$ cat query.pdb   # PDB, C-alpha atoms and all ligand atoms
MODEL        1
ATOM      1  CA  MET Q   1      61.393-209.023-273.604  1.00  0.00           C
ATOM      2  CA  LEU Q   2      60.164-209.602-277.130  1.00  0.00           C
ATOM      3  CA  ASP Q   3      58.555-212.887-276.073  1.00  0.00           C
ATOM      4  CA  PHE Q   4      56.910-211.149-273.100  1.00  0.00           C
ATOM      5  CA  VAL Q   5      55.388-208.526-275.380  1.00  0.00           C
ATOM      6  CA  GLU Q   6      54.422-211.078-278.012  1.00  0.00           C
ATOM      7  CA  GLU Q   7      52.585-213.235-275.460  1.00  0.00           C
ATOM      8  CA  ARG Q   8      50.782-210.400-273.707  1.00  0.00           C
ATOM      9  CA  ARG Q   9      50.159-207.951-276.538  1.00  0.00           C
ATOM     10  CA  PRO Q  10      49.890-204.675-274.578  1.00  0.00           C
ATOM     11  CA  ASP Q  11      48.139-201.734-276.270  1.00  0.00           C
ATOM     12  CA  VAL Q  12      51.387-199.797-276.190  1.00  0.00           C
ATOM     13  CA  VAL Q  13      54.989-200.188-275.010  1.00  0.00           C
ATOM     14  CA  VAL Q  14      56.828-197.261-273.407  1.00  0.00           C
ATOM     15  CA  ILE Q  15      60.638-197.082-273.478  1.00  0.00           C
ATOM     16  CA  SER Q  16      61.915-194.298-271.244  1.00  0.00           C
ATOM     17  CA  GLY Q  17      65.466-194.073-272.652  1.00  0.00           C
ATOM     18  CA  ASP Q  18      68.706-194.506-272.685  1.00  0.00           C
ATOM     19  CA  LEU Q  19      68.694-196.513-275.862  1.00  0.00           C
ATOM     20  CA  THR Q  20      72.475-196.529-276.257  1.00  0.00           C
ATOM     21  CA  LEU Q  21      75.668-196.184-274.246  1.00  0.00           C
ATOM     22  CA  ARG Q  22      77.536-193.679-276.425  1.00  0.00           C
ATOM     23  CA  ALA Q  23      75.020-192.480-279.013  1.00  0.00           C
ATOM     24  CA  ARG Q  24      76.893-194.194-281.854  1.00  0.00           C
ATOM     25  CA  PRO Q  25      75.084-194.709-285.158  1.00  0.00           C
ATOM     26  CA  GLU Q  26      75.435-198.495-284.951  1.00  0.00           C
ATOM     27  CA  GLN Q  27      74.011-198.471-281.415  1.00  0.00           C
ATOM     28  CA  PHE Q  28      70.985-196.504-282.591  1.00  0.00           C
ATOM     29  CA  ARG Q  29      70.542-198.831-285.555  1.00  0.00           C
ATOM     30  CA  GLU Q  30      70.610-201.806-283.203  1.00  0.00           C
ATOM     31  CA  ALA Q  31      68.024-200.130-280.956  1.00  0.00           C
ATOM     32  CA  ARG Q  32      65.877-199.382-284.016  1.00  0.00           C
ATOM     33  CA  ALA Q  33      66.032-203.011-285.129  1.00  0.00           C
ATOM     34  CA  PHE Q  34      64.940-204.105-281.638  1.00  0.00           C
ATOM     35  CA  VAL Q  35      62.041-201.647-281.438  1.00  0.00           C
ATOM     36  CA  ASP Q  36      60.934-202.615-284.950  1.00  0.00           C
ATOM     37  CA  ARG Q  37      60.386-206.160-283.682  1.00  0.00           C
ATOM     38  CA  ILE Q  38      57.842-204.984-281.089  1.00  0.00           C
ATOM     39  CA  PRO Q  39      54.467-205.770-282.666  1.00  0.00           C
ATOM     40  CA  VAL Q  40      52.481-202.968-280.979  1.00  0.00           C
ATOM     41  CA  PRO Q  41      52.834-199.153-280.900  1.00  0.00           C
ATOM     42  CA  VAL Q  42      55.953-197.972-279.069  1.00  0.00           C
ATOM     43  CA  VAL Q  43      56.582-194.591-277.384  1.00  0.00           C
ATOM     44  CA  VAL Q  44      60.281-193.792-276.934  1.00  0.00           C
ATOM     45  CA  VAL Q  45      62.064-190.791-275.415  1.00  0.00           C
ATOM     46  CA  PRO Q  46      65.850-190.274-275.470  1.00  0.00           C
ATOM     47  CA  GLY Q  47      68.102-190.317-272.409  1.00  0.00           C
ATOM     48  CA  ASN Q  48      71.378-188.604-271.535  1.00  0.00           C
ATOM     49  CA  HIS Q  49      73.411-191.466-273.042  1.00  0.00           C
ATOM     50  CA  ASP Q  50      71.715-190.803-276.377  1.00  0.00           C
ATOM     51  CA  VAL Q  51      73.696-187.546-276.626  1.00  0.00           C
ATOM     52  CA  PRO Q  52      77.355-188.033-277.704  1.00  0.00           C
ATOM     53  CA  LEU Q  53      79.680-187.511-274.753  1.00  0.00           C
ATOM     54  CA  PHE Q  54      83.033-187.271-276.553  1.00  0.00           C
ATOM     55  CA  ARG Q  55      82.094-186.058-280.057  1.00  0.00           C
ATOM     56  CA  PHE Q  56      82.238-182.445-278.916  1.00  0.00           C
ATOM     57  CA  TRP Q  57      81.166-180.683-282.111  1.00  0.00           C
ATOM     58  CA  GLU Q  58      78.133-182.900-282.391  1.00  0.00           C
ATOM     59  CA  ARG Q  59      77.363-182.611-278.712  1.00  0.00           C
ATOM     60  CA  ALA Q  60      77.474-178.808-278.854  1.00  0.00           C
ATOM     61  CA  PHE Q  61      75.637-178.166-282.113  1.00  0.00           C
ATOM     62  CA  ALA Q  62      73.635-181.260-283.022  1.00  0.00           C
ATOM     63  CA  PRO Q  63      73.193-183.357-279.877  1.00  0.00           C
ATOM     64  CA  PHE Q  64      70.325-185.426-281.311  1.00  0.00           C
ATOM     65  CA  ALA Q  65      71.506-185.689-284.914  1.00  0.00           C
ATOM     66  CA  ALA Q  66      72.510-189.350-284.588  1.00  0.00           C
ATOM     67  CA  TYR Q  67      69.290-190.207-282.730  1.00  0.00           C
ATOM     68  CA  ARG Q  68      67.209-188.521-285.419  1.00  0.00           C
ATOM     69  CA  ARG Q  69      69.132-190.025-288.311  1.00  0.00           C
ATOM     70  CA  HIS Q  70      69.415-193.593-287.064  1.00  0.00           C
ATOM     71  CA  PHE Q  71      66.573-194.097-284.598  1.00  0.00           C
ATOM     72  CA  ALA Q  72      63.620-191.689-284.884  1.00  0.00           C
ATOM     73  CA  ALA Q  73      62.997-188.172-286.163  1.00  0.00           C
ATOM     74  CA  GLU Q  74      60.618-187.402-283.293  1.00  0.00           C
ATOM     75  CA  LEU Q  75      62.160-186.844-279.855  1.00  0.00           C
ATOM     76  CA  GLU Q  76      58.887-186.164-278.042  1.00  0.00           C
ATOM     77  CA  PRO Q  77      56.232-188.506-279.422  1.00  0.00           C
ATOM     78  CA  VAL Q  78      52.565-188.427-278.448  1.00  0.00           C
ATOM     79  CA  TYR Q  79      50.357-191.521-278.386  1.00  0.00           C
ATOM     80  CA  ARG Q  80      46.573-191.289-278.211  1.00  0.00           C
ATOM     81  CA  ASP Q  81      43.709-193.716-278.273  1.00  0.00           C
ATOM     82  CA  ASP Q  82      40.176-193.520-276.876  1.00  0.00           C
ATOM     83  CA  GLY Q  83      41.203-194.047-273.277  1.00  0.00           C
ATOM     84  CA  LEU Q  84      44.843-193.081-273.113  1.00  0.00           C
ATOM     85  CA  CYS Q  85      47.119-190.148-273.920  1.00  0.00           C
ATOM     86  CA  ILE Q  86      50.890-190.551-273.508  1.00  0.00           C
ATOM     87  CA  VAL Q  87      53.149-187.518-273.975  1.00  0.00           C
ATOM     88  CA  GLY Q  88      56.912-187.929-274.303  1.00  0.00           C
ATOM     89  CA  ILE Q  89      59.217-185.216-272.963  1.00  0.00           C
ATOM     90  CA  ASN Q  90      62.893-185.059-273.870  1.00  0.00           C
ATOM     91  CA  THR Q  91      64.785-184.258-270.654  1.00  0.00           C
ATOM     92  CA  ALA Q  92      68.274-184.838-272.082  1.00  0.00           C
ATOM     93  CA  TYR Q  93      70.214-181.975-273.648  1.00  0.00           C
ATOM     94  CA  ASN Q  94      73.741-181.323-274.819  1.00  0.00           C
ATOM     95  CA  TRP Q  95      75.199-180.490-271.410  1.00  0.00           C
ATOM     96  CA  THR Q  96      73.128-182.962-269.454  1.00  0.00           C
ATOM     97  CA  HIS Q  97      75.057-183.906-266.359  1.00  0.00           C
ATOM     98  CA  LYS Q  98      73.001-186.368-264.443  1.00  0.00           C
ATOM     99  CA  SER Q  99      69.603-184.935-263.737  1.00  0.00           C
ATOM    100  CA  GLY Q 100      68.269-183.526-267.023  1.00  0.00           C
ATOM    101  CA  ARG Q 101      65.798-180.692-267.452  1.00  0.00           C
ATOM    102  CA  ILE Q 102      62.454-179.695-268.889  1.00  0.00           C
ATOM    103  CA  THR Q 103      62.307-176.197-270.337  1.00  0.00           C
ATOM    104  CA  ARG Q 104      59.475-173.908-269.246  1.00  0.00           C
ATOM    105  CA  ARG Q 105      58.476-173.516-272.887  1.00  0.00           C
ATOM    106  CA  ARG Q 106      58.076-177.273-273.251  1.00  0.00           C
ATOM    107  CA  LEU Q 107      56.217-177.452-269.958  1.00  0.00           C
ATOM    108  CA  ARG Q 108      53.703-174.923-271.214  1.00  0.00           C
ATOM    109  CA  GLU Q 109      53.256-176.806-274.512  1.00  0.00           C
ATOM    110  CA  VAL Q 110      52.697-180.069-272.668  1.00  0.00           C
ATOM    111  CA  GLY Q 111      50.316-178.352-270.249  1.00  0.00           C
ATOM    112  CA  GLU Q 112      48.206-176.984-273.081  1.00  0.00           C
ATOM    113  CA  LEU Q 113      48.178-180.309-274.875  1.00  0.00           C
ATOM    114  CA  LEU Q 114      47.144-182.258-271.764  1.00  0.00           C
ATOM    115  CA  ALA Q 115      44.581-179.680-270.618  1.00  0.00           C
ATOM    116  CA  ALA Q 116      42.791-180.163-273.959  1.00  0.00           C
ATOM    117  CA  VAL Q 117      42.539-183.945-273.515  1.00  0.00           C
ATOM    118  CA  PRO Q 118      38.962-184.912-272.552  1.00  0.00           C
ATOM    119  CA  ASP Q 119      38.085-185.988-269.013  1.00  0.00           C
ATOM    120  CA  GLY Q 120      38.147-189.710-268.546  1.00  0.00           C
ATOM    121  CA  VAL Q 121      41.193-190.186-270.754  1.00  0.00           C
ATOM    122  CA  PHE Q 122      44.132-191.519-268.729  1.00  0.00           C
ATOM    123  CA  LYS Q 123      46.999-189.039-269.042  1.00  0.00           C
ATOM    124  CA  VAL Q 124      50.600-190.187-268.938  1.00  0.00           C
ATOM    125  CA  VAL Q 125      53.867-188.263-269.183  1.00  0.00           C
ATOM    126  CA  VAL Q 126      57.128-190.049-270.042  1.00  0.00           C
ATOM    127  CA  ALA Q 127      60.501-188.469-269.231  1.00  0.00           C
ATOM    128  CA  HIS Q 128      63.870-190.183-269.010  1.00  0.00           C
ATOM    129  CA  HIS Q 129      64.996-188.340-265.873  1.00  0.00           C
ATOM    130  CA  HIS Q 130      63.309-188.724-262.519  1.00  0.00           C
ATOM    131  CA  LEU Q 131      61.084-186.120-260.853  1.00  0.00           C
ATOM    132  CA  ILE Q 132      61.401-187.630-257.393  1.00  0.00           C
ATOM    133  CA  PRO Q 133      64.615-188.993-255.867  1.00  0.00           C
ATOM    134  CA  PRO Q 134      65.164-192.735-255.839  1.00  0.00           C
ATOM    135  CA  PRO Q 135      65.477-194.629-252.554  1.00  0.00           C
ATOM    136  CA  ASN Q 136      68.879-196.106-251.591  1.00  0.00           C
ATOM    137  CA  PHE Q 137      70.806-194.272-254.243  1.00  0.00           C
ATOM    138  CA  GLY Q 138      73.051-191.693-252.603  1.00  0.00           C
ATOM    139  CA  THR Q 139      72.224-188.623-254.667  1.00  0.00           C
ATOM    140  CA  GLN Q 140      68.866-187.022-254.042  1.00  0.00           C
ATOM    141  CA  SER Q 141      69.117-184.618-256.978  1.00  0.00           C
ATOM    142  CA  VAL Q 142      66.234-184.567-259.421  1.00  0.00           C
ATOM    143  CA  LEU Q 143      65.371-183.128-262.807  1.00  0.00           C
ATOM    144  CA  ALA Q 144      65.761-179.340-263.029  1.00  0.00           C
ATOM    145  CA  ASN Q 145      62.285-177.754-262.845  1.00  0.00           C
ATOM    146  CA  ALA Q 146      60.899-180.930-261.238  1.00  0.00           C
ATOM    147  CA  ARG Q 147      58.704-178.937-258.858  1.00  0.00           C
ATOM    148  CA  GLU Q 148      57.268-176.783-261.654  1.00  0.00           C
ATOM    149  CA  ALA Q 149      56.690-179.898-263.720  1.00  0.00           C
ATOM    150  CA  ILE Q 150      54.865-181.669-260.895  1.00  0.00           C
ATOM    151  CA  ASP Q 151      52.762-178.549-260.244  1.00  0.00           C
ATOM    152  CA  LEU Q 152      51.778-178.471-263.884  1.00  0.00           C
ATOM    153  CA  PHE Q 153      51.130-182.194-264.240  1.00  0.00           C
ATOM    154  CA  SER Q 154      48.933-182.355-261.171  1.00  0.00           C
ATOM    155  CA  THR Q 155      47.070-179.223-262.302  1.00  0.00           C
ATOM    156  CA  VAL Q 156      46.238-180.592-265.759  1.00  0.00           C
ATOM    157  CA  GLY Q 157      45.197-183.970-264.400  1.00  0.00           C
ATOM    158  CA  VAL Q 158      48.143-186.195-265.305  1.00  0.00           C
ATOM    159  CA  ASP Q 159      47.486-189.630-263.830  1.00  0.00           C
ATOM    160  CA  LEU Q 160      50.903-191.196-264.211  1.00  0.00           C
ATOM    161  CA  ILE Q 161      54.531-190.196-264.772  1.00  0.00           C
ATOM    162  CA  LEU Q 162      56.973-192.763-266.191  1.00  0.00           C
ATOM    163  CA  SER Q 163      60.724-192.415-266.154  1.00  0.00           C
ATOM    164  CA  GLY Q 164      63.993-194.377-266.385  1.00  0.00           C
ATOM    165  CA  HIS Q 165      67.646-193.365-265.881  1.00  0.00           C
ATOM    166  CA  HIS Q 166      68.418-194.903-262.491  1.00  0.00           C
ATOM    167  CA  HIS Q 167      68.471-198.594-263.415  1.00  0.00           C
ATOM    168  CA  GLN Q 168      66.380-199.214-260.341  1.00  0.00           C
ATOM    169  CA  ALA Q 169      62.600-199.555-260.208  1.00  0.00           C
ATOM    170  CA  PHE Q 170      60.632-197.581-257.671  1.00  0.00           C
ATOM    171  CA  ILE Q 171      57.175-196.120-257.241  1.00  0.00           C
ATOM    172  CA  GLY Q 172      56.185-192.954-255.445  1.00  0.00           C
ATOM    173  CA  ASN Q 173      53.772-190.120-255.795  1.00  0.00           C
ATOM    174  CA  SER Q 174      53.953-186.363-256.157  1.00  0.00           C
ATOM    175  CA  GLU Q 175      52.444-185.604-252.760  1.00  0.00           C
ATOM    176  CA  GLU Q 176      55.174-187.468-250.881  1.00  0.00           C
ATOM    177  CA  PHE Q 177      57.802-185.063-252.186  1.00  0.00           C
ATOM    178  CA  TYR Q 178      55.898-181.933-253.149  1.00  0.00           C
ATOM    179  CA  PRO Q 179      52.897-181.855-250.792  1.00  0.00           C
ATOM    180  CA  GLN Q 180      50.187-179.496-251.983  1.00  0.00           C
ATOM    181  CA  GLY Q 181      47.096-181.272-250.697  1.00  0.00           C
ATOM    182  CA  ARG Q 182      46.155-182.296-254.227  1.00  0.00           C
ATOM    183  CA  PRO Q 183      45.337-185.736-255.620  1.00  0.00           C
ATOM    184  CA  PRO Q 184      48.718-187.457-255.943  1.00  0.00           C
ATOM    185  CA  VAL Q 185      50.223-188.179-259.352  1.00  0.00           C
ATOM    186  CA  VAL Q 186      51.662-191.692-259.365  1.00  0.00           C
ATOM    187  CA  ILE Q 187      55.310-191.840-260.445  1.00  0.00           C
ATOM    188  CA  VAL Q 188      56.615-195.157-261.743  1.00  0.00           C
ATOM    189  CA  HIS Q 189      60.294-195.503-262.367  1.00  0.00           C
ATOM    190  CA  SER Q 190      61.592-198.307-264.558  1.00  0.00           C
ATOM    191  CA  GLY Q 191      64.606-200.479-263.827  1.00  0.00           C
ATOM    192  CA  THR Q 192      66.758-201.677-266.707  1.00  0.00           C
ATOM    193  CA  THR Q 193      65.037-204.085-269.037  1.00  0.00           C
ATOM    194  CA  THR Q 194      67.775-205.052-271.453  1.00  0.00           C
ATOM    195  CA  SER Q 195      71.153-203.834-270.138  1.00  0.00           C
ATOM    196  CA  ASP Q 196      73.360-205.390-267.448  1.00  0.00           C
ATOM    197  CA  ARG Q 197      73.560-202.151-265.469  1.00  0.00           C
ATOM    198  CA  GLY Q 198      70.934-202.756-262.791  1.00  0.00           C
ATOM    199  CA  ARG Q 199      71.543-200.863-259.538  1.00  0.00           C
ATOM    200  CA  ALA Q 200      70.964-201.480-255.828  1.00  0.00           C
ATOM    201  CA  GLY Q 201      68.598-204.457-255.376  1.00  0.00           C
ATOM    202  CA  GLU Q 202      68.461-204.875-259.138  1.00  0.00           C
ATOM    203  CA  ARG Q 203      72.181-205.323-259.683  1.00  0.00           C
ATOM    204  CA  GLU Q 204      72.528-207.740-262.621  1.00  0.00           C
ATOM    205  CA  ARG Q 205      68.757-208.080-262.712  1.00  0.00           C
ATOM    206  CA  ASN Q 206      66.541-207.019-265.562  1.00  0.00           C
ATOM    207  CA  SER Q 207      63.050-205.789-264.889  1.00  0.00           C
ATOM    208  CA  CYS Q 208      60.044-204.155-266.491  1.00  0.00           C
ATOM    209  CA  ASN Q 209      56.656-202.827-265.426  1.00  0.00           C
ATOM    210  CA  TRP Q 210      53.263-203.996-266.633  1.00  0.00           C
ATOM    211  CA  ILE Q 211      50.535-201.397-266.205  1.00  0.00           C
ATOM    212  CA  ALA Q 212      46.869-202.341-266.473  1.00  0.00           C
ATOM    213  CA  LEU Q 213      44.009-199.840-266.525  1.00  0.00           C
ATOM    214  CA  ASP Q 214      40.285-200.055-266.179  1.00  0.00           C
ATOM    215  CA  ASP Q 215      37.700-197.365-265.465  1.00  0.00           C
ATOM    216  CA  ARG Q 216      38.273-197.399-261.730  1.00  0.00           C
ATOM    217  CA  SER Q 217      41.854-198.418-261.133  1.00  0.00           C
ATOM    218  CA  MET Q 218      45.419-198.732-262.280  1.00  0.00           C
ATOM    219  CA  VAL Q 219      47.523-201.752-261.362  1.00  0.00           C
ATOM    220  CA  VAL Q 220      51.298-201.608-261.711  1.00  0.00           C
ATOM    221  CA  SER Q 221      53.068-204.966-261.659  1.00  0.00           C
ATOM    222  CA  HIS Q 222      56.808-205.043-261.338  1.00  0.00           C
ATOM    223  CA  TYR Q 223      58.391-207.953-263.207  1.00  0.00           C
ATOM    224  CA  ARG Q 224      61.888-209.255-262.702  1.00  0.00           C
ATOM    225  CA  TRP Q 225      63.824-211.522-264.989  1.00  0.00           C
ATOM    226  CA  HIS Q 226      64.354-214.980-263.542  1.00  0.00           C
ATOM    227  CA  GLU Q 227      67.387-216.608-265.057  1.00  0.00           C
ATOM    228  CA  GLU Q 228      66.425-220.104-263.882  1.00  0.00           C
ATOM    229  CA  GLY Q 229      62.958-219.964-265.418  1.00  0.00           C
ATOM    230  CA  GLY Q 230      64.102-217.932-268.422  1.00  0.00           C
ATOM    231  CA  ARG Q 231      61.199-215.506-268.055  1.00  0.00           C
ATOM    232  CA  PHE Q 232      59.963-212.323-266.404  1.00  0.00           C
ATOM    233  CA  ALA Q 233      58.034-213.154-263.211  1.00  0.00           C
ATOM    234  CA  GLU Q 234      55.848-210.817-261.175  1.00  0.00           C
ATOM    235  CA  HIS Q 235      57.734-209.455-258.175  1.00  0.00           C
ATOM    236  CA  SER Q 236      55.238-206.973-256.704  1.00  0.00           C
ATOM    237  CA  ARG Q 237      51.844-205.490-257.514  1.00  0.00           C
ATOM    238  CA  HIS Q 238      50.535-202.011-256.675  1.00  0.00           C
ATOM    239  CA  TRP Q 239      46.917-200.904-256.909  1.00  0.00           C
ATOM    240  CA  TYR Q 240      45.781-197.286-257.310  1.00  0.00           C
ATOM    241  CA  PRO Q 241      42.304-195.806-257.601  1.00  0.00           C
ATOM    242  CA  ARG Q 242      41.740-193.557-260.616  1.00  0.00           C
ATOM    243  CA  GLN Q 243      41.278-190.030-259.362  1.00  0.00           C
ATOM    244  CA  GLU Q 244      38.241-187.835-259.602  1.00  0.00           C
ATOM    245  CA  ARG Q 245      39.585-184.624-261.103  1.00  0.00           C
ATOM    246  CA  VAL Q 246      38.706-181.104-260.040  1.00  0.00           C
ATOM    247  CA  PRO Q 247      38.554-178.277-262.624  1.00  0.00           C
ATOM    248  CA  TYR Q 248      41.972-176.880-263.423  1.00  0.00           C
ATOM    249  CA  THR Q 249      43.544-173.763-264.822  1.00  0.00           C
ATOM    250  CA  LEU Q 250      46.910-172.898-266.352  1.00  0.00           C
ATOM    251  CA  ASP Q 251      46.875-169.336-264.959  1.00  0.00           C
ATOM    252  CA  GLY Q 252      49.512-169.898-262.280  1.00  0.00           C
ATOM    253  CA  LEU Q 253      52.138-171.037-264.761  1.00  0.00           C
ATOM    254  CA  ASP Q 254      53.167-167.616-265.960  1.00  0.00           C
ATOM    255  CA  GLY Q 255      54.945-166.724-262.719  1.00  0.00           C
ATOM    256  CA  PRO Q 256      58.695-166.937-262.172  1.00  0.00           C
ATOM    257  CA  PRO Q 257      60.245-170.355-261.480  1.00  0.00           C
ATOM    258  CA  ARG Q 258      60.414-171.201-257.798  1.00  0.00           C
TER
HETATM  259 FE    FE Q 301      70.215-192.049-268.158  1.00  0.00          FE
ENDMDL
END
$ encode --input "query.pdb" --output "structure tokens" --more "lines below"
Ligand SMILES: [Fe+2]
Amino acid sequence: MLDFVEERRPDVVVISGDLTLRARPEQFREARAFVDRIPVPVVVVPGNHDVPLFRFWERAFAPFAAYRRHFAAELEPVYRDDGLCIVGINTAYNWTHKSGRITRRRLREVGELLAAVPDGVFKVVVAHHHLIPPPNFGTQSVLANAREAIDLFSTVGVDLILSGHHHQAFIGNSEEFYPQGRPPVVIVHSGTTTSDRGRAGERERNSCNWIALDDRSMVVSHYRWHEEGGRFAEHSRHWYPRQERVPYTLDGLDGPPR
């Protein structure tokens, strides 16, 4: 992975969590040491495994204390440059079961932040948990408030949603699952890049996504690790036009959750 990044020098690397298995200090320190070797800006959000499962006091009262102390103080980082805005959302919490959540308060904050980003800037949201169900996985449950989140993200002109959690890469869009007749928001789900916990077709396979932007399009390439060649090789490539955006408003977001 480090060689891949070193050779290609992306503008930014996004890591959509779980950094650890059991949220132990030494696991966070190891993750920190790894991220520190990435020679470009990195946006990281925590996952459910980054909350202690068995250290009950910590889990109840300070679920992100170890993350903050040993990995990063910021749980919801924001990255901006001239053409790109990436907003991290922490979807893990102390009683996270499997699907995570986004609070309505955080949704409103993110909505206001993204609505203020100028037109033409590519807007990305990163959340560990998935907003659409994965194919071939059994459970179809998704993040709590997924529908509200998708409504908001499509309203404020989010172009892309990135997530992790399922150890299986897949790509979909908001209109397939929450049809509203609006321009679809592309949803790219990452497989597992560095663990041995790949699922379904990615069992024992590591993968990552390479996302390239220009003024008119976004190309998502899915890379899989090839043991024989000792490198990540492109497995599939997906092309999307960049959307023309219509004016938006945040007025509808004050209503009760659906
Ligand atoms: Fe997870």
$ closest_residue --input "query.pdb" --among "Q:Thr194, Q:Asn90, Q:Asn145, Q:Gln140" --to "Leu75 (chain Q)" --atoms "all atoms listed in the file"
Q:Asn90
$ residues_around --input "query.pdb" --residues "Gln243 (chain Q)" --least-positions-apart "2" --cutoff "12 Å" --atoms "all atoms listed in the file" --output "number ranges by chain"
Q: 119-123, 154, 157-160, 182-186, 215-218, 240-241, 245-246
$ write_last_selection --input "query.pdb" --atoms "C-alpha atoms" --output "PDB file, keeping the file's coordinate frame"
ATOM      1  CA  ASP Q 119      38.085-185.988-269.013  1.00  0.00           C
ATOM      2  CA  GLY Q 120      38.147-189.710-268.546  1.00  0.00           C
ATOM      3  CA  VAL Q 121      41.193-190.186-270.754  1.00  0.00           C
ATOM      4  CA  PHE Q 122      44.132-191.519-268.729  1.00  0.00           C
ATOM      5  CA  LYS Q 123      46.999-189.039-269.042  1.00  0.00           C
ATOM      6  CA  SER Q 154      48.933-182.355-261.171  1.00  0.00           C
ATOM      7  CA  GLY Q 157      45.197-183.970-264.400  1.00  0.00           C
ATOM      8  CA  VAL Q 158      48.143-186.195-265.305  1.00  0.00           C
ATOM      9  CA  ASP Q 159      47.486-189.630-263.830  1.00  0.00           C
ATOM     10  CA  LEU Q 160      50.903-191.196-264.211  1.00  0.00           C
ATOM     11  CA  ARG Q 182      46.155-182.296-254.227  1.00  0.00           C
ATOM     12  CA  PRO Q 183      45.337-185.736-255.620  1.00  0.00           C
ATOM     13  CA  PRO Q 184      48.718-187.457-255.943  1.00  0.00           C
ATOM     14  CA  VAL Q 185      50.223-188.179-259.352  1.00  0.00           C
ATOM     15  CA  VAL Q 186      51.662-191.692-259.365  1.00  0.00           C
ATOM     16  CA  ASP Q 215      37.700-197.365-265.465  1.00  0.00           C
ATOM     17  CA  ARG Q 216      38.273-197.399-261.730  1.00  0.00           C
ATOM     18  CA  SER Q 217      41.854-198.418-261.133  1.00  0.00           C
ATOM     19  CA  MET Q 218      45.419-198.732-262.280  1.00  0.00           C
ATOM     20  CA  TYR Q 240      45.781-197.286-257.310  1.00  0.00           C
ATOM     21  CA  PRO Q 241      42.304-195.806-257.601  1.00  0.00           C
ATOM     22  CA  ARG Q 245      39.585-184.624-261.103  1.00  0.00           C
ATOM     23  CA  VAL Q 246      38.706-181.104-260.040  1.00  0.00           C
TER      24      VAL Q 246
END
$ residues_near_ligand --input "query.pdb" --ligand "ligand FE 301 (chain Q)" --cutoff "9 Å" --atoms "only C-alpha atoms and all ligand atoms" --output "list in words"
Gly17, Asp18, Pro46, Gly47, Asn48, His49, Asp50, Ala92, Lys98, Ser99, Gly100, His128, His129, Gly164, His165, His166 and His167 of chain Q
$ closest_residue --input "query.pdb" --among "Q:Phe28, Q:Phe71, Q:Tyr178, Q:Tyr93" --to "Ala146 (chain Q)" --atoms "all atoms listed in the file"
Q:Tyr178
$ atom_distance --input "query.pdb" --atom1 "CA of Arg29 (chain Q)" --atom2 "CA of Trp57 (chain Q)"
21.3 Å
$ closest_residue --input "query.pdb" --among "Q:Arg9, Q:Asp196, Q:Thr155, Q:Ala73" --to "Leu21 (chain Q)" --atoms "all atoms listed in the file"
Q:Asp196
$ resolve_selection --input "query.pdb" --expression "the PyMOL selection byres (((chain Q and resi 190) around 12) and not hetatm)" --output "ChimeraX atom specification"
/Q:14-18,126-130,134,161-172,187-189,191-194,198-199,202,206-211,220-224
$ closest_residue --input "query.pdb" --among "Q:Pro133, Q:Gly201, Q:Pro118, Q:Pro10" --to "Asp82 (chain Q)" --atoms "only C-alpha atoms"
Q:Pro118
$ resolve_selection --input "query.pdb" --expression "the PyMOL selection byres (((chain Q and resi 27) around 12) and not hetatm)" --output "JSON, numbers by chain"
{"Q": [18, 19, 20, 21, 22, 23, 24, 25, 26, 28, 29, 30, 31, 32, 33, 34, 49, 50, 51, 52, 66, 67, 69, 70, 71]}
$ atom_distance --input "query.pdb" --atom1 "CA of Thr91 (chain Q)" --atom2 "CA of Val44 (chain Q)"
12.3 Å
